[in-house]
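Below: run36.txt (compact mmCIF, N, CA and C atoms)
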```txt
# COMPACT_ATOMS: atom_id res chain seq x y z
N MET A 25 122.78 -22.95 124.47
CA MET A 25 122.34 -21.68 125.00
C MET A 25 121.01 -21.29 124.37
N PRO A 26 120.19 -20.56 125.10
CA PRO A 26 118.92 -20.13 124.54
C PRO A 26 119.13 -19.10 123.44
N PRO A 27 118.14 -18.97 122.55
CA PRO A 27 118.28 -17.99 121.48
C PRO A 27 118.37 -16.58 122.04
N LYS A 28 119.16 -15.73 121.40
CA LYS A 28 119.33 -14.35 121.84
C LYS A 28 118.30 -13.48 121.14
N GLY A 29 117.89 -12.41 121.81
CA GLY A 29 116.90 -11.49 121.25
C GLY A 29 117.49 -10.73 120.07
N GLY A 30 116.65 -9.96 119.42
CA GLY A 30 117.11 -9.18 118.28
C GLY A 30 116.48 -9.66 117.00
N SER A 31 116.83 -9.03 115.92
CA SER A 31 116.22 -9.36 114.64
C SER A 31 116.79 -10.62 114.02
N ARG A 32 118.01 -11.00 114.39
CA ARG A 32 118.63 -12.20 113.83
C ARG A 32 118.23 -13.42 114.65
N LYS A 33 117.55 -14.35 114.03
CA LYS A 33 117.12 -15.56 114.72
C LYS A 33 118.26 -16.56 114.73
N THR A 34 118.56 -17.08 115.92
CA THR A 34 119.57 -18.12 116.03
C THR A 34 118.88 -19.46 115.81
N GLU A 35 119.31 -20.20 114.81
CA GLU A 35 118.71 -21.49 114.55
C GLU A 35 119.37 -22.53 115.45
N LEU A 36 118.56 -23.12 116.31
CA LEU A 36 119.06 -24.15 117.19
C LEU A 36 118.77 -25.51 116.58
N ARG A 37 119.62 -26.45 116.92
CA ARG A 37 119.45 -27.83 116.49
C ARG A 37 119.38 -28.68 117.75
N ALA A 38 118.65 -29.78 117.67
CA ALA A 38 118.50 -30.70 118.80
C ALA A 38 119.23 -32.00 118.50
N CYS A 39 119.98 -32.46 119.47
CA CYS A 39 120.65 -33.76 119.35
C CYS A 39 119.58 -34.85 119.27
N LEU A 40 119.72 -35.78 118.35
CA LEU A 40 118.75 -36.86 118.17
C LEU A 40 118.85 -37.93 119.25
N ILE A 41 119.90 -37.90 120.05
CA ILE A 41 120.06 -38.88 121.12
C ILE A 41 119.60 -38.32 122.47
N CYS A 42 120.12 -37.16 122.86
CA CYS A 42 119.79 -36.62 124.19
C CYS A 42 118.86 -35.42 124.16
N SER A 43 118.63 -34.81 123.01
CA SER A 43 117.74 -33.66 122.78
C SER A 43 118.28 -32.31 123.27
N VAL A 44 119.57 -32.23 123.59
CA VAL A 44 120.14 -30.94 123.97
C VAL A 44 120.06 -29.99 122.76
N LEU A 45 119.78 -28.72 123.04
CA LEU A 45 119.68 -27.70 122.00
C LEU A 45 120.93 -26.84 121.97
N GLN A 46 121.51 -26.69 120.79
CA GLN A 46 122.68 -25.84 120.59
C GLN A 46 122.63 -25.30 119.17
N SER A 47 123.44 -24.29 118.91
CA SER A 47 123.56 -23.80 117.54
C SER A 47 124.37 -24.81 116.73
N THR A 48 124.24 -24.72 115.43
CA THR A 48 125.02 -25.58 114.54
C THR A 48 126.51 -25.39 114.81
N ASN A 49 126.91 -24.14 114.99
CA ASN A 49 128.31 -23.85 115.25
C ASN A 49 128.80 -24.49 116.55
N ASP A 50 127.97 -24.48 117.59
CA ASP A 50 128.36 -25.11 118.86
C ASP A 50 128.54 -26.62 118.70
N PHE A 51 127.61 -27.26 117.97
CA PHE A 51 127.79 -28.70 117.72
C PHE A 51 129.06 -28.95 116.91
N LEU A 52 129.33 -28.07 115.96
CA LEU A 52 130.50 -28.23 115.09
C LEU A 52 131.81 -28.03 115.85
N THR A 53 131.86 -27.03 116.73
CA THR A 53 133.10 -26.73 117.43
C THR A 53 133.28 -27.51 118.74
N GLN A 54 132.17 -27.83 119.42
CA GLN A 54 132.27 -28.47 120.73
C GLN A 54 131.71 -29.88 120.76
N GLY A 55 130.88 -30.22 119.78
CA GLY A 55 130.19 -31.50 119.80
C GLY A 55 129.03 -31.46 120.78
N CYS A 56 128.44 -32.60 121.02
CA CYS A 56 127.34 -32.70 121.98
C CYS A 56 127.92 -32.87 123.37
N PRO A 57 127.45 -32.09 124.36
CA PRO A 57 128.02 -32.21 125.70
C PRO A 57 127.71 -33.55 126.37
N ASN A 58 126.74 -34.28 125.86
CA ASN A 58 126.36 -35.57 126.45
C ASN A 58 126.77 -36.77 125.61
N CYS A 59 126.78 -36.62 124.30
CA CYS A 59 126.88 -37.78 123.40
C CYS A 59 128.10 -37.76 122.48
N GLU A 60 129.01 -36.86 122.67
CA GLU A 60 130.11 -36.69 121.71
C GLU A 60 130.93 -37.97 121.53
N GLU A 61 131.09 -38.74 122.58
CA GLU A 61 131.89 -39.97 122.49
C GLU A 61 131.31 -40.93 121.45
N ILE A 62 129.99 -40.95 121.32
CA ILE A 62 129.34 -41.83 120.36
C ILE A 62 129.13 -41.14 119.02
N LEU A 63 128.69 -39.88 119.05
CA LEU A 63 128.30 -39.19 117.82
C LEU A 63 129.46 -38.62 117.02
N GLU A 64 130.53 -38.20 117.67
CA GLU A 64 131.71 -37.65 117.01
C GLU A 64 131.36 -36.56 116.00
N MET A 65 130.61 -35.55 116.47
CA MET A 65 130.19 -34.46 115.60
C MET A 65 131.22 -33.34 115.48
N ARG A 66 132.07 -33.20 116.47
CA ARG A 66 133.04 -32.10 116.47
C ARG A 66 133.85 -32.09 115.18
N GLY A 67 133.75 -30.96 114.47
CA GLY A 67 134.52 -30.79 113.25
C GLY A 67 133.90 -31.36 111.99
N SER A 68 132.72 -31.96 112.08
CA SER A 68 132.10 -32.58 110.90
C SER A 68 130.69 -32.03 110.68
N ALA A 69 130.55 -31.15 109.69
CA ALA A 69 129.24 -30.58 109.36
C ALA A 69 128.28 -31.68 108.90
N GLU A 70 128.80 -32.67 108.20
CA GLU A 70 127.96 -33.78 107.74
C GLU A 70 127.39 -34.55 108.92
N ARG A 71 128.23 -34.82 109.91
CA ARG A 71 127.79 -35.58 111.09
C ARG A 71 126.79 -34.76 111.91
N VAL A 72 127.01 -33.44 112.02
CA VAL A 72 126.06 -32.58 112.72
C VAL A 72 124.70 -32.65 112.04
N ALA A 73 124.67 -32.59 110.72
CA ALA A 73 123.42 -32.67 109.97
C ALA A 73 122.73 -34.02 110.17
N GLU A 74 123.49 -35.10 110.25
CA GLU A 74 122.93 -36.45 110.41
C GLU A 74 122.40 -36.70 111.82
N CYS A 75 123.04 -36.12 112.82
CA CYS A 75 122.76 -36.48 114.21
C CYS A 75 121.98 -35.43 114.99
N THR A 76 121.56 -34.35 114.32
CA THR A 76 120.76 -33.32 114.97
C THR A 76 119.58 -32.98 114.07
N SER A 77 118.63 -32.24 114.61
CA SER A 77 117.44 -31.86 113.85
C SER A 77 117.04 -30.43 114.19
N VAL A 78 116.52 -29.71 113.21
CA VAL A 78 115.97 -28.37 113.45
C VAL A 78 114.49 -28.45 113.78
N THR A 79 113.91 -29.65 113.72
CA THR A 79 112.49 -29.83 113.99
C THR A 79 112.32 -30.43 115.39
N TYR A 80 111.84 -29.60 116.30
CA TYR A 80 111.64 -30.04 117.68
C TYR A 80 110.48 -29.25 118.28
N ASP A 81 109.94 -29.77 119.38
CA ASP A 81 108.84 -29.13 120.10
C ASP A 81 109.29 -28.79 121.51
N GLY A 82 108.98 -27.59 121.96
CA GLY A 82 109.20 -27.19 123.34
C GLY A 82 110.65 -27.07 123.74
N MET A 83 110.87 -26.37 124.83
CA MET A 83 112.22 -26.21 125.39
C MET A 83 112.15 -26.36 126.90
N ILE A 84 113.15 -27.01 127.45
CA ILE A 84 113.27 -27.18 128.89
C ILE A 84 114.62 -26.63 129.31
N ALA A 85 114.62 -25.70 130.25
CA ALA A 85 115.88 -25.20 130.80
C ALA A 85 116.22 -26.07 132.01
N MET A 86 117.29 -26.82 131.91
CA MET A 86 117.65 -27.79 132.94
C MET A 86 118.86 -27.31 133.74
N MET A 87 118.61 -26.90 134.98
CA MET A 87 119.69 -26.39 135.83
C MET A 87 120.24 -27.47 136.77
N GLU A 88 119.35 -28.27 137.34
CA GLU A 88 119.77 -29.32 138.27
C GLU A 88 119.13 -30.65 137.83
N PRO A 89 119.65 -31.24 136.76
CA PRO A 89 119.02 -32.45 136.21
C PRO A 89 118.79 -33.57 137.22
N SER A 90 119.72 -33.79 138.13
CA SER A 90 119.59 -34.90 139.07
C SER A 90 118.49 -34.69 140.09
N GLU A 91 118.00 -33.47 140.24
CA GLU A 91 116.97 -33.17 141.23
C GLU A 91 115.62 -32.86 140.60
N SER A 92 115.49 -32.99 139.31
CA SER A 92 114.29 -32.55 138.60
C SER A 92 113.41 -33.72 138.18
N TRP A 93 112.12 -33.65 138.53
CA TRP A 93 111.19 -34.68 138.06
C TRP A 93 110.99 -34.57 136.55
N VAL A 94 111.07 -33.36 136.01
CA VAL A 94 110.96 -33.17 134.56
C VAL A 94 112.13 -33.87 133.86
N ALA A 95 113.32 -33.73 134.41
CA ALA A 95 114.49 -34.40 133.84
C ALA A 95 114.32 -35.92 133.88
N ARG A 96 113.79 -36.43 134.99
CA ARG A 96 113.55 -37.88 135.07
C ARG A 96 112.50 -38.30 134.03
N TRP A 97 111.44 -37.53 133.90
CA TRP A 97 110.37 -37.83 132.93
C TRP A 97 110.92 -37.86 131.51
N GLN A 98 111.82 -36.92 131.20
CA GLN A 98 112.41 -36.81 129.86
C GLN A 98 113.63 -37.72 129.68
N ARG A 99 114.03 -38.40 130.73
CA ARG A 99 115.20 -39.27 130.73
C ARG A 99 116.49 -38.50 130.43
N ILE A 100 116.59 -37.32 131.03
CA ILE A 100 117.82 -36.51 130.88
C ILE A 100 118.39 -36.16 132.25
N ASP A 101 117.99 -36.89 133.30
CA ASP A 101 118.43 -36.59 134.65
C ASP A 101 119.91 -36.88 134.89
N LYS A 102 120.56 -37.60 133.99
CA LYS A 102 121.99 -37.88 134.13
C LYS A 102 122.80 -37.11 133.07
N LYS A 103 122.16 -36.15 132.44
CA LYS A 103 122.82 -35.34 131.40
C LYS A 103 123.32 -34.02 131.99
N MET A 104 124.04 -33.27 131.17
CA MET A 104 124.59 -31.97 131.57
C MET A 104 123.46 -30.95 131.67
N ARG A 105 123.66 -29.92 132.49
CA ARG A 105 122.68 -28.84 132.52
C ARG A 105 122.70 -28.12 131.19
N GLY A 106 121.55 -27.57 130.81
CA GLY A 106 121.46 -26.88 129.53
C GLY A 106 120.01 -26.74 129.10
N ILE A 107 119.83 -26.44 127.83
CA ILE A 107 118.50 -26.30 127.23
C ILE A 107 118.23 -27.56 126.40
N TYR A 108 117.07 -28.17 126.61
CA TYR A 108 116.70 -29.40 125.94
C TYR A 108 115.36 -29.26 125.23
N ALA A 109 115.18 -29.97 124.15
CA ALA A 109 113.90 -30.04 123.46
C ALA A 109 113.01 -31.06 124.17
N VAL A 110 111.72 -30.82 124.17
CA VAL A 110 110.78 -31.77 124.74
C VAL A 110 110.64 -32.98 123.83
N ARG A 111 110.54 -32.73 122.52
CA ARG A 111 110.42 -33.80 121.53
C ARG A 111 111.21 -33.39 120.29
N VAL A 112 111.94 -34.33 119.72
CA VAL A 112 112.78 -34.07 118.54
C VAL A 112 112.33 -34.99 117.41
N THR A 113 112.15 -34.42 116.24
CA THR A 113 111.74 -35.20 115.07
C THR A 113 112.97 -35.67 114.31
N GLY A 114 113.04 -36.96 114.06
CA GLY A 114 114.15 -37.52 113.31
C GLY A 114 114.78 -38.71 114.02
N ARG A 115 115.56 -39.44 113.30
CA ARG A 115 116.28 -40.60 113.85
C ARG A 115 117.74 -40.51 113.44
N PRO A 116 118.63 -40.94 114.32
CA PRO A 116 120.06 -40.93 113.97
C PRO A 116 120.38 -42.05 112.99
N PRO A 117 121.56 -42.00 112.37
CA PRO A 117 121.98 -43.08 111.47
C PRO A 117 122.09 -44.41 112.23
N GLN A 118 121.95 -45.49 111.49
CA GLN A 118 121.98 -46.83 112.11
C GLN A 118 123.30 -47.09 112.84
N ASP A 119 124.42 -46.55 112.35
CA ASP A 119 125.71 -46.79 113.03
C ASP A 119 125.71 -46.21 114.44
N VAL A 120 124.97 -45.13 114.66
CA VAL A 120 124.88 -44.53 115.99
C VAL A 120 124.06 -45.43 116.91
N ILE A 121 122.93 -45.91 116.41
CA ILE A 121 122.09 -46.82 117.20
C ILE A 121 122.88 -48.08 117.55
N ASP A 122 123.62 -48.62 116.59
CA ASP A 122 124.45 -49.80 116.83
C ASP A 122 125.52 -49.52 117.89
N ALA A 123 126.13 -48.34 117.84
CA ALA A 123 127.17 -47.98 118.82
C ALA A 123 126.58 -47.89 120.22
N ILE A 124 125.41 -47.34 120.35
CA ILE A 124 124.75 -47.25 121.66
C ILE A 124 124.48 -48.64 122.20
N GLU A 125 123.91 -49.50 121.36
CA GLU A 125 123.57 -50.85 121.79
C GLU A 125 124.80 -51.70 122.07
N SER A 126 125.89 -51.49 121.33
CA SER A 126 127.11 -52.27 121.57
C SER A 126 127.76 -51.91 122.90
N ARG A 127 127.42 -50.74 123.43
CA ARG A 127 127.93 -50.32 124.75
C ARG A 127 126.96 -50.67 125.87
N GLY A 128 125.94 -51.45 125.55
CA GLY A 128 124.97 -51.87 126.56
C GLY A 128 123.84 -50.88 126.79
N GLY A 129 123.75 -49.85 125.96
CA GLY A 129 122.69 -48.86 126.09
C GLY A 129 121.47 -49.24 125.28
N VAL A 130 120.43 -48.45 125.45
CA VAL A 130 119.19 -48.65 124.71
C VAL A 130 118.87 -47.34 124.01
N TYR A 131 118.70 -47.39 122.70
CA TYR A 131 118.30 -46.20 121.96
C TYR A 131 116.82 -45.96 122.15
N ARG A 132 116.47 -44.75 122.59
CA ARG A 132 115.07 -44.36 122.77
C ARG A 132 114.79 -43.16 121.87
N PRO A 133 113.93 -43.31 120.88
CA PRO A 133 113.59 -42.20 120.00
C PRO A 133 113.06 -41.02 120.82
N ARG A 134 113.39 -39.81 120.38
CA ARG A 134 112.96 -38.59 121.07
C ARG A 134 111.75 -37.95 120.41
N ASP A 135 111.10 -38.67 119.46
CA ASP A 135 110.01 -38.03 118.73
C ASP A 135 108.63 -38.62 119.03
N ALA A 136 108.53 -39.52 119.97
CA ALA A 136 107.23 -40.09 120.31
C ALA A 136 107.21 -40.52 121.76
N VAL A 137 106.03 -40.62 122.30
CA VAL A 137 105.85 -41.10 123.67
C VAL A 137 105.92 -42.61 123.64
N GLU A 138 106.71 -43.17 124.53
CA GLU A 138 106.85 -44.62 124.57
C GLU A 138 105.71 -45.23 125.39
N ASP A 139 105.37 -46.47 125.07
CA ASP A 139 104.32 -47.17 125.81
C ASP A 139 104.82 -47.62 127.15
```

Could the structure of this file be written out as structure tokens, please?
Amino acid sequence: MPPKGGSRKTELRACLICSVLQSTNDFLTQGCPNCEEILEMRGSAERVAECTSVTYDGMIAMMEPSESWVARWQRIDKKMRGIYAVRVTGRPPQDVIDAIESRGGVYRPRDAVED
């Protein structure tokens, strides 16, 4: 969810795999809506810290990912609707990258433009 107005700033974190933005508490209680099967963050503050980042650039509100050229450009067109970071600084632990690759996926860093 987007940050709420007021004097209290909600600190959002970005998933290092899909770049979805959520509060620490949301990652802790619900996990990542796209990557929970691999990341297993639900209930683990340590895993949330390892697999998310507070350092990100830009925000994209994604309502219809399958119909959006922005979603295709960001490679999130098959993800859940929500708020996403444009770029996320950080890399997930090696066990996460290995899990993605063992399932036939390709890990793509979210912190740089690919060639």

Straight-line distance linking CA of Ile107 (chain A) with CA of Asp81 (chain A), stated in Å to one decimal: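 Separation between CA of Ile107 (chain A) and CA of Asp81 (chain A): 12.3 Å.
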
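Atom pair CA of Thr113 (chain A) / atom C of Gln98 (chain A): separated by 14.9 Å.
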
Which of A:Arg37, A:Lys103, A:Arg115, A:Arg66 sits closest to Tyr80 (chain A) [using all atoms listed in the file]: A:Arg37

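With only C-alpha atoms as the atoms that count, the minimum distance from Tyr131 (chain A) to the choices A:Glu88, A:Pro116, A:Trp97, A:Asp50 is reached by A:Pro116.
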
Sphere at (115.8, -25.6, 133.8), radius 8 Å, counting all atoms listed in the file: residues as a count of residues only: 11

Nearby residues (only C-alpha atoms) at most 12 Å from Cys59 (chain A), same-chain spacing under 5 positions excluded, as a PyMOL selection string: chain A and resi 38-44+51+54+64-66+72+75-76+100+102-104+120-121+123-124

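Coordinates place atom C of Asp119 (chain A) at a distance of 8.4 Å from atom N of Leu63 (chain A).
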
Closest of A:Val110, A:Trp93, A:Gly82, A:Thr48 to Gly67 (chain A) - atom-to-atom distances counting only C-alpha atoms: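 Among the listed residues, the smallest separation from Gly67 (chain A) belongs to A:Thr48.
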
Report as AutoDock Vina command-line options the centre and the edge lengths, in Å to one decimal, of the axis-aligned box holding every listed atom of region 44-63 of chain A, padded by 8 Å on each side.
```
--center_x 126.4 --center_y -32.8 --center_z 120.5 --size_x 29.7 --size_y 34.0 --size_z 27.9
```

Residues flagged strand (DSSP E) by DSSP in chain A, as a PyMOL selection string: chain A and resi 36-39+45-47+76-77+80-86+106-112

Residue list (helix (DSSP H, G or I), DSSP) for region 55-108 of chain A, as a PyMOL selection string: chain A and resi 60-63+69-75+89-91+93-98
